[in-house]
>>> print(open('target.pdb').read())   # PDB, C-alpha atoms
ATOM      1  CA  MET K   1      95.436  49.723 265.696
ATOM      2  CA  ALA K   2      96.885  50.866 269.022
ATOM      3  CA  GLN K   3      99.598  48.776 270.614
ATOM      4  CA  PRO K   4      99.917  49.778 274.273
ATOM      5  CA  GLY K   5     103.046  47.611 274.815
ATOM      6  CA  VAL K   6     105.316  50.383 273.512
ATOM      7  CA  LEU K   7     104.402  54.063 273.454
ATOM      8  CA  ARG K   8     106.024  56.592 271.169
ATOM      9  CA  VAL K   9     106.772  59.959 272.691
ATOM     10  CA  TYR K  10     107.414  62.751 270.214
ATOM     11  CA  VAL K  11     109.737  65.464 271.473
ATOM     12  CA  ASN K  12     110.565  68.827 269.927
ATOM     13  CA  VAL K  13     114.197  69.212 270.954
ATOM     14  CA  PRO K  14     115.477  72.803 270.992
ATOM     15  CA  GLU K  15     118.255  73.523 268.503
ATOM     16  CA  GLU K  16     120.929  73.960 271.177
ATOM     17  CA  TYR K  17     120.386  70.339 272.317
ATOM     18  CA  SER K  18     119.945  68.765 268.896
ATOM     19  CA  GLN K  19     123.609  67.803 268.450
ATOM     20  CA  ALA K  20     123.543  65.891 271.763
ATOM     21  CA  THR K  21     120.370  63.989 270.865
ATOM     22  CA  THR K  22     121.255  60.681 269.244
ATOM     23  CA  THR K  23     119.483  57.373 268.954
ATOM     24  CA  GLY K  24     120.237  54.793 271.617
ATOM     25  CA  LEU K  25     120.329  57.230 274.532
ATOM     26  CA  THR K  26     118.095  56.667 277.537
ATOM     27  CA  ALA K  27     115.321  59.098 278.412
ATOM     28  CA  ASP K  28     113.434  59.394 281.702
ATOM     29  CA  LEU K  29     109.821  60.577 281.585
ATOM     30  CA  THR K  30     107.589  61.839 284.368
ATOM     31  CA  LEU K  31     103.829  62.250 284.170
ATOM     32  CA  ALA K  32     101.497  64.236 286.401
ATOM     33  CA  GLU K  33      99.201  61.175 286.662
ATOM     34  CA  PHE K  34     101.999  59.194 288.349
ATOM     35  CA  PRO K  35     103.650  61.485 290.920
ATOM     36  CA  GLY K  36     107.039  60.273 292.103
ATOM     37  CA  ARG K  37     107.377  57.692 289.307
ATOM     38  CA  THR K  38     109.777  57.735 286.395
ATOM     39  CA  PHE K  39     109.359  55.782 283.159
ATOM     40  CA  THR K  40     112.387  54.969 281.048
ATOM     41  CA  GLY K  41     112.541  54.907 277.273
ATOM     42  CA  ASN K  42     115.078  55.088 274.470
ATOM     43  CA  TRP K  43     115.676  57.798 271.902
ATOM     44  CA  CYS K  44     115.036  55.709 268.814
ATOM     45  CA  ALA K  45     114.537  58.052 265.856
ATOM     46  CA  LEU K  46     115.227  61.562 264.721
ATOM     47  CA  ARG K  47     112.372  62.638 262.457
ATOM     48  CA  GLY K  48     113.583  65.949 261.055
ATOM     49  CA  HIS K  49     114.008  69.641 261.724
ATOM     50  CA  ASN K  50     111.384  72.340 262.003
ATOM     51  CA  TYR K  51     113.170  75.437 260.754
ATOM     52  CA  THR K  52     110.369  77.755 261.901
ATOM     53  CA  THR K  53     110.619  76.719 265.579
ATOM     54  CA  ARG K  54     114.306  75.703 265.344
ATOM     55  CA  THR K  55     113.618  72.304 266.872
ATOM     56  CA  LEU K  56     114.408  68.694 266.027
ATOM     57  CA  LEU K  57     111.537  66.203 266.155
ATOM     58  CA  ALA K  58     112.738  63.105 267.984
ATOM     59  CA  GLU K  59     110.993  59.909 269.041
ATOM     60  CA  VAL K  60     111.364  58.138 272.371
ATOM     61  CA  ASP K  61     109.951  54.619 272.740
ATOM     62  CA  VAL K  62     108.772  53.669 276.235
ATOM     63  CA  ASN K  63     108.004  50.072 277.216
ATOM     64  CA  ASN K  64     104.480  49.818 278.582
ATOM     65  CA  PRO K  65     103.772  46.081 279.059
ATOM     66  CA  SER K  66     101.050  46.597 281.678
ATOM     67  CA  GLY K  67      99.260  49.252 279.623
ATOM     68  CA  GLN K  68      99.204  51.743 282.500
ATOM     69  CA  LEU K  69     100.414  54.588 280.270
ATOM     70  CA  LEU K  70      97.643  55.646 277.932
ATOM     71  CA  SER K  71      98.007  56.936 274.407
ATOM     72  CA  GLY K  72      97.307  60.671 274.299
ATOM     73  CA  ALA K  73      98.664  61.378 277.799
ATOM     74  CA  TYR K  74     101.146  64.198 278.304
ATOM     75  CA  ALA K  75     104.624  63.795 279.754
ATOM     76  CA  LYS K  76     105.630  66.447 282.269
ATOM     77  CA  SER K  77     109.364  66.206 281.666
ATOM     78  CA  ILE K  78     111.773  64.168 279.607
ATOM     79  CA  SER K  79     115.305  63.343 280.728
ATOM     80  CA  ARG K  80     117.905  65.950 281.559
ATOM     81  CA  TYR K  81     117.486  67.767 278.255
ATOM     82  CA  LEU K  82     113.975  69.118 278.394
ATOM     83  CA  ASP K  83     112.678  69.448 281.942
ATOM     84  CA  ALA K  84     109.412  71.311 282.494
ATOM     85  CA  SER K  85     108.222  70.877 278.925
ATOM     86  CA  THR K  86     105.176  69.006 277.694
ATOM     87  CA  TYR K  87     105.104  66.169 275.156
ATOM     88  CA  ILE K  88     102.364  63.905 273.876
ATOM     89  CA  LEU K  89     102.453  60.105 274.041
ATOM     90  CA  ARG K  90     101.271  58.221 270.950
TER
END
>>> encode(input="target.pdb", output="structure tokens")
Amino acid sequence: MAQPGVLRVYVNVPEEYSQATTTGLTADLTLAEFPGRTFTGNWCALRGHNYTTRTLLAEVDVNNPSGQLLSGAYAKSISRYLDASTYILR
């Protein structure tokens, strides 16, 4: 069952940033569907390493009480770490 109140954003963090990625930090997301708007979430979980791509899978939870962000949308950028990359909202 989908719960649109909080969206999970899964981020593949490059190895060079993995040590700086810890739970509790704030993350700012931008989406092409909402130009000029920023949505704030929290890094809430580190899910493991992908040794093939040398990335860390991290989860950012974004409050979405109005339901305006839809599951399956793509974030354009996330915070200061990963600008100009693409991530999927779940």
>>> atom_distance(input="target.pdb", atom1="CA of Glu33 in chain K", atom2="CA of Glu15 in chain K")
29.1 Å
>>> resolve_selection(input="target.pdb", expression="the PyMOL selection byres ((chain K and resi 26) around 9)", output="tab-separated table (two decimals) with C-alpha atoms, keeping the file's coordinate frame")
chain	number	residue	atom	x	y	z
K	23	THR	CA	119.48	57.37	268.95
K	24	GLY	CA	120.24	54.79	271.62
K	25	LEU	CA	120.33	57.23	274.53
K	27	ALA	CA	115.32	59.10	278.41
K	28	ASP	CA	113.43	59.39	281.70
K	40	THR	CA	112.39	54.97	281.05
K	41	GLY	CA	112.54	54.91	277.27
K	42	ASN	CA	115.08	55.09	274.47
K	43	TRP	CA	115.68	57.80	271.90
K	60	VAL	CA	111.36	58.14	272.37
K	79	SER	CA	115.30	63.34	280.73
>>> axis_aligned_box(input="target.pdb", around="range 18-26 of chain K", padding_each_side="3 Å", output="lines of an AutoDock Vina configuration file")
center_x = 120.9
center_y = 61.8
center_z = 273.0
size_x = 11.5
size_y = 20.0
size_z = 15.1
>>> resolve_selection(input="target.pdb", expression="the PyMOL selection byres ((chain K and resi 13) around 10)", output="list of chain:residue names")
K:Tyr10, K:Val11, K:Asn12, K:Pro14, K:Glu15, K:Glu16, K:Tyr17, K:Ser18, K:Gln19, K:Ala20, K:Thr21, K:Leu46, K:His49, K:Asn50, K:Thr53, K:Arg54, K:Thr55, K:Leu56, K:Leu57, K:Ala58, K:Tyr81, K:Leu82
>>> write_last_selection(input="target.pdb", atoms="C-alpha atoms", output="mmCIF file, in the coordinates of the input")
data_model
loop_
_atom_site.group_PDB
_atom_site.id
_atom_site.type_symbol
_atom_site.label_atom_id
_atom_site.label_comp_id
_atom_site.auth_asym_id
_atom_site.auth_seq_id
_atom_site.Cartn_x
_atom_site.Cartn_y
_atom_site.Cartn_z
ATOM 1 C CA TYR K 10 107.414 62.751 270.214
ATOM 2 C CA VAL K 11 109.737 65.464 271.473
ATOM 3 C CA ASN K 12 110.565 68.827 269.927
ATOM 4 C CA PRO K 14 115.477 72.803 270.992
ATOM 5 C CA GLU K 15 118.255 73.523 268.503
ATOM 6 C CA GLU K 16 120.929 73.960 271.177
ATOM 7 C CA TYR K 17 120.386 70.339 272.317
ATOM 8 C CA SER K 18 119.945 68.765 268.896
ATOM 9 C CA GLN K 19 123.609 67.803 268.450
ATOM 10 C CA ALA K 20 123.543 65.891 271.763
ATOM 11 C CA THR K 21 120.370 63.989 270.865
ATOM 12 C CA LEU K 46 115.227 61.562 264.721
ATOM 13 C CA HIS K 49 114.008 69.641 261.724
ATOM 14 C CA ASN K 50 111.384 72.340 262.003
ATOM 15 C CA THR K 53 110.619 76.719 265.579
ATOM 16 C CA ARG K 54 114.306 75.703 265.344
ATOM 17 C CA THR K 55 113.618 72.304 266.872
ATOM 18 C CA LEU K 56 114.408 68.694 266.027
ATOM 19 C CA LEU K 57 111.537 66.203 266.155
ATOM 20 C CA ALA K 58 112.738 63.105 267.984
ATOM 21 C CA TYR K 81 117.486 67.767 278.255
ATOM 22 C CA LEU K 82 113.975 69.118 278.394
#
>>> atom_distance(input="target.pdb", atom1="CA of Thr30 in chain K", atom2="CA of Lys76 in chain K")
5.4 Å
>>> resolve_selection(input="target.pdb", expression="the PyMOL selection byres ((chain K and resi 9) around 10)", output="list in words")
Val6, Leu7, Arg8, Tyr10, Val11, Leu29, Gly41, Asn42, Trp43, Ala58, Glu59, Val60, Asp61, Val62, Ser71, Gly72, Ala73, Tyr74, Ala75, Ile78, Tyr87, Ile88, Leu89 and Arg90 of chain K
>>> atom_distance(input="target.pdb", atom1="CA of Ala45 in chain K", atom2="CA of Asn64 in chain K")
18.2 Å
>>> closest_residue(input="target.pdb", among="K:Ala32, K:Ser77, K:Thr22, K:Gly5", to="Arg47 in chain K", atoms="only C-alpha atoms")
K:Thr22
